[in-house]
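Shown below: structure_34.txt, with compact mmCIF, C-alpha atoms.
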```
# COMPACT_ATOMS: atom_id res chain seq x y z
CA MET A 13 0.80 5.39 29.57
CA LYS A 14 0.73 2.63 32.13
CA LYS A 15 1.98 -0.78 31.05
CA ARG A 16 -1.44 -2.36 31.60
CA ASN A 17 -2.85 -0.03 28.93
CA LEU A 18 -0.17 -1.01 26.43
CA SER A 19 -1.02 -3.38 23.58
CA GLN A 20 0.42 -4.43 20.26
CA GLU A 21 -2.20 -2.31 18.53
CA LYS A 22 -1.26 0.82 20.51
CA ILE A 23 2.41 0.27 19.71
CA VAL A 24 1.66 -0.17 15.99
CA ASP A 25 -0.51 2.96 16.00
CA CYS A 26 2.29 4.85 17.73
CA LEU A 27 4.72 3.77 14.99
CA ARG A 28 2.28 5.08 12.40
CA GLU A 29 2.05 8.42 14.21
CA LEU A 30 5.82 8.75 14.53
CA ALA A 31 6.21 8.05 10.82
CA GLU A 32 4.29 11.28 10.20
CA GLU A 33 7.08 13.15 11.99
CA MET A 34 10.19 11.27 10.93
CA ASP A 35 11.34 8.74 8.35
CA ILE A 36 9.77 5.37 9.14
CA GLN A 37 13.17 3.71 8.80
CA GLN A 38 14.59 5.96 11.53
CA VAL A 39 12.00 5.04 14.19
CA THR A 40 13.45 2.94 17.02
CA PHE A 41 12.15 1.27 20.17
CA GLN A 42 13.48 4.27 22.07
CA HIS A 43 11.34 6.63 19.98
CA LEU A 44 8.27 4.47 20.56
CA ALA A 45 8.93 4.21 24.31
CA LYS A 46 9.36 7.97 24.65
CA ARG A 47 6.12 8.66 22.78
CA LEU A 48 4.26 6.01 24.80
CA ASP A 49 5.80 7.33 28.05
CA ILE A 50 7.22 3.95 29.03
CA LYS A 51 10.65 2.42 29.37
CA SER A 52 11.83 0.79 26.13
CA PRO A 53 12.33 -2.70 27.68
CA SER A 54 8.53 -2.82 28.17
CA LEU A 55 8.14 -3.03 24.41
CA TYR A 56 9.90 -6.40 24.38
CA ASN A 57 6.84 -7.87 26.11
CA TYR A 58 4.97 -7.27 22.84
CA PHE A 59 7.55 -7.34 20.04
CA LYS A 60 11.04 -8.82 19.68
CA ASN A 61 12.36 -5.80 17.77
CA ILE A 62 11.34 -2.78 15.69
CA ARG A 63 11.18 -4.95 12.58
CA GLU A 64 8.31 -6.90 14.12
CA VAL A 65 6.45 -3.65 14.83
CA LYS A 66 6.95 -2.59 11.21
CA THR A 67 5.73 -5.99 10.03
CA ALA A 68 2.59 -5.63 12.15
CA LEU A 69 1.99 -2.16 10.74
CA THR A 70 2.52 -3.41 7.18
CA ALA A 71 0.01 -6.22 7.77
CA LYS A 72 -2.48 -3.66 9.08
CA LEU A 73 -1.91 -1.43 6.04
CA LEU A 74 -2.44 -4.33 3.65
CA GLN A 75 -5.67 -5.28 5.41
CA GLU A 76 -6.92 -1.69 5.26
CA LEU A 77 -5.98 -1.38 1.58
CA ASN A 78 -7.63 -4.66 0.63
CA ASP A 79 -10.79 -3.77 2.59
CA GLN A 80 -11.00 -0.39 0.84
CA LEU A 81 -10.43 -1.96 -2.58
CA ARG A 82 -13.08 -4.65 -2.04
CA ARG A 83 -15.66 -2.11 -0.84
CA ALA A 84 -14.94 0.30 -3.70
CA LEU A 85 -15.08 -2.42 -6.35
CA VAL A 86 -18.49 -3.85 -5.45
CA GLY A 87 -20.58 -3.93 -8.63
CA LYS A 88 -17.72 -2.72 -10.84
CA SER A 89 -16.09 -4.57 -13.71
CA GLY A 90 -13.87 -4.03 -16.72
CA GLY A 91 -12.54 -0.54 -17.31
CA ASP A 92 -14.69 0.94 -14.54
CA ALA A 93 -13.16 -1.50 -12.05
CA LEU A 94 -9.65 -0.59 -13.18
CA ARG A 95 -10.42 3.13 -12.76
CA VAL A 96 -11.82 2.53 -9.28
CA TYR A 97 -8.88 0.31 -8.34
CA ALA A 98 -6.37 2.94 -9.47
CA LYS A 99 -8.19 5.80 -7.73
CA THR A 100 -8.70 3.86 -4.50
CA TYR A 101 -5.10 2.69 -4.43
CA GLN A 102 -3.83 6.21 -5.11
CA SER A 103 -6.04 7.72 -2.39
CA PHE A 104 -4.86 5.08 0.08
CA ALA A 105 -1.21 5.71 -0.78
CA PHE A 106 -1.55 9.47 -0.34
CA ALA A 107 -3.41 9.05 2.95
CA ASN A 108 -0.58 6.78 4.14
CA GLN A 109 2.34 8.44 2.40
CA SER A 110 4.58 8.37 5.49
CA VAL A 111 4.35 4.57 5.71
CA TYR A 112 3.76 3.70 2.03
CA GLU A 113 7.31 2.40 1.59
CA LEU A 114 6.42 -0.48 3.94
CA LEU A 115 4.05 -1.79 1.26
CA ILE A 116 6.80 -1.65 -1.35
CA SER A 117 9.11 -3.73 0.85
CA VAL A 118 6.71 -6.69 1.17
CA PRO A 119 8.34 -8.85 -1.55
CA ASN A 120 11.59 -8.76 0.44
CA THR A 121 10.00 -10.53 3.38
CA LYS A 122 9.31 -14.11 4.27
CA GLU A 123 6.60 -13.08 6.74
CA GLU A 124 3.56 -15.21 5.91
CA ILE A 125 1.04 -12.58 7.05
CA LEU A 126 2.50 -10.05 4.61
CA LEU A 127 2.73 -12.51 1.74
CA GLU A 128 -0.94 -13.40 2.29
CA GLY A 129 -1.92 -9.72 2.28
CA ILE A 130 -0.07 -8.90 -0.93
CA HIS A 131 -1.43 -12.09 -2.52
CA GLU A 132 -4.93 -10.87 -1.71
CA THR A 133 -4.18 -7.49 -3.33
CA ASN A 134 -2.92 -9.28 -6.44
CA GLN A 135 -6.00 -11.52 -6.52
CA ILE A 136 -8.18 -8.43 -6.59
CA ILE A 137 -6.35 -7.26 -9.72
CA LEU A 138 -6.57 -10.68 -11.35
CA GLN A 139 -10.32 -10.79 -10.67
CA ILE A 140 -10.71 -7.44 -12.43
CA PHE A 141 -8.98 -8.95 -15.45
CA ASP A 142 -11.64 -11.69 -15.59
CA ALA A 143 -13.76 -9.18 -17.54
CA PHE A 144 -11.19 -9.22 -20.34
CA GLN A 145 -10.31 -12.04 -22.66
CA LEU A 146 -6.86 -12.71 -21.28
CA THR A 147 -4.98 -15.92 -20.81
CA LYS A 148 -3.62 -16.70 -17.36
CA GLU A 149 -0.16 -15.64 -18.51
CA GLU A 150 -1.50 -12.38 -19.98
CA LYS A 151 -3.27 -11.61 -16.69
CA ILE A 152 0.02 -11.98 -14.85
CA HIS A 153 1.84 -9.72 -17.32
CA ARG A 154 -0.95 -7.13 -17.18
CA SER A 155 -1.03 -7.28 -13.38
CA ARG A 156 2.70 -6.61 -13.25
CA GLU A 157 2.30 -3.78 -15.73
CA LEU A 158 -0.51 -2.14 -13.76
CA ARG A 159 1.28 -2.48 -10.41
CA SER A 160 4.51 -1.12 -11.92
CA MET A 161 2.71 1.90 -13.34
CA ILE A 162 0.88 2.70 -10.13
CA HIS A 163 3.84 2.12 -7.79
CA GLY A 164 6.21 3.94 -10.13
CA TYR A 165 3.93 6.94 -10.43
CA LEU A 166 3.32 7.13 -6.68
CA SER A 167 6.99 6.69 -5.82
CA LEU A 168 7.99 9.49 -8.18
CA ARG A 169 5.24 11.78 -6.85
CA PHE A 170 6.35 11.16 -3.28
CA LEU A 171 9.93 12.00 -4.27
CA GLY A 172 8.75 15.34 -5.65
CA TYR A 173 8.68 14.63 -9.37
CA PHE A 174 6.10 16.04 -11.81
CA THR A 175 6.31 19.59 -10.45
CA LYS A 176 8.26 21.33 -13.24
CA GLU A 177 5.25 21.69 -15.54
CA PRO A 178 2.72 23.62 -13.42
CA LYS A 179 0.21 23.79 -16.26
CA VAL A 180 0.00 20.01 -16.45
CA ASP A 181 -1.59 18.58 -13.31
CA PRO A 182 0.13 15.38 -12.12
CA GLU A 183 -3.31 14.00 -11.26
CA GLU A 184 -4.31 14.35 -14.90
CA SER A 185 -1.19 12.42 -15.87
CA TYR A 186 -2.19 9.61 -13.52
CA LEU A 187 -5.69 9.43 -14.97
CA TRP A 188 -4.27 9.58 -18.51
CA MET A 189 -1.92 6.70 -17.71
CA ILE A 190 -4.77 4.56 -16.36
CA GLU A 191 -7.02 5.40 -19.34
CA ASP A 192 -4.21 4.50 -21.72
CA PHE A 193 -3.78 1.17 -19.94
CA ILE A 194 -7.51 0.47 -20.19
CA THR A 195 -7.44 1.36 -23.90
CA THR A 196 -4.79 -1.30 -24.49
CA LEU A 197 -7.26 -3.80 -23.02
CA SER A 198 -10.37 -2.47 -24.79
CA GLY A 199 -10.15 -4.87 -27.72
CA ARG A 200 -10.00 -7.71 -25.22
CA HIS A 201 -13.15 -6.86 -23.26
CA SER A 202 -15.65 -9.67 -23.05
CA ASP A 203 -18.74 -7.42 -23.42
```
Please rewrite the model in this file as structure tokens.
Amino acid sequence: MKKRNLSQEKIVDCLRELAEEMDIQQVTFQHLAKRLDIKSPSLYNYFKNIREVKTALTAKLLQELNDQLRRALVGKSGGDALRVYAKTYQSFAFANQSVYELLISVPNTKEEILLEGIHETNQIILQIFDAFQLTKEEKIHRSRELRSMIHGYLSLRFLGYFTKEPKVDPEESYLWMIEDFITTLSGRHSD
């Protein structure tokens, strides 16, 4: 790849590709340069360090996730919206399993672009809770509960858990967990 064809977007996409082959935390500028067929100092024209590339990829992931959630949730509310949110989030996480841990690391950053992206994701959840009779404080607690369940489930699945009981599909467990969560809200629905 000639330098004139190089861009931040191509570098970020290259990081995403490399994460399919190796642990995202192990990728270096040297790995990127080799894959892009350039000398590693050329990367410094676009990013200060590998952390900046990971930040750019995380921002892109958050944007993609939020776009998918917004599209999927059009016309949905209440329990249906929670089911769609959980399914869409799960599908996104599985499609991006090799880089999913970047989304988990967002709270540890002070990068404004990432904080804005995760805030948007949280706002989507809080808007879903508008269909239930919850106080502002209850919405925050329920949001934390939902995010903890989803992230916990996905993290355990990615680590290889839930495989010892072959007759009980892990996907069914996920759906059961979401239905159980919705049931705890059912007496609080505004309809």
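Nearest to Glu191 (chain A) of all the residues A:Leu168, A:Arg95, A:Arg83, A:Lys60 is A:Arg95, based on only C-alpha atoms.
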Give me, as a Markdown table, the closest atom pair and its distance (Å, one decimal) for every residue of region 50-80 of chain A within a cut-off of 9 Å of region 127-145 of chain A, counting only C-alpha atoms, rows sorted by chain and rising number.
```
| residue | atom | partner | partner_atom | distance |
| --- | --- | --- | --- | --- |
| A:Ala71 | CA | A:Gly129 | CA | 6.8 |
| A:Leu74 | CA | A:Gly129 | CA | 5.6 |
| A:Gln75 | CA | A:Gly129 | CA | 6.6 |
| A:Leu77 | CA | A:Thr133 | CA | 8.0 |
| A:Asn78 | CA | A:Thr133 | CA | 6.0 |
```
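We find CA of Asn61 (chain A) and CA of Ala105 (chain A) to be spaced 25.7 Å apart.
Distance annotation: of A:Arg159, A:Lys148, A:Arg28, A:Arg154, the residue with the minimal separation from Leu73 (chain A) is A:Arg28; atom set is all atoms listed in the file.
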For Phe106 (chain A): contacts at 12 Å, only C-alpha atoms, fewer than 3 positions along chain excluded, given as a PyMOL selection string
chain A and resi 77+99-103+109-113+163+165-167+169-170+183
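The coordinates place CA of Asp35 (chain A) at 15.3 Å from CA of Arg47 (chain A).
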Quick one: pull the distance between CA of Tyr56 (chain A) and CA of Leu18 (chain A), Å, one decimal.
11.6 Å
Please provide as a ChimeraX atom specification all residues within 10 Å of Gln37 (chain A), with the sequence filter that same-chain residues fewer than 6 positions apart are discarded (counting only C-alpha atoms).
/A:31,62-63,66,111,113-114
Using only C-alpha atoms, pick whichever of A:Asn57, A:Thr196, A:Thr175, A:Trp188 has the shortest atom-to-atom distance to Ala98 (chain A).
A:Trp188
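In terms of minimum interatomic distance to Glu32 (chain A), A:Asn108 ranks closest within A:Pro53, A:Asn108, A:Met161, A:Lys88, counting only C-alpha atoms.
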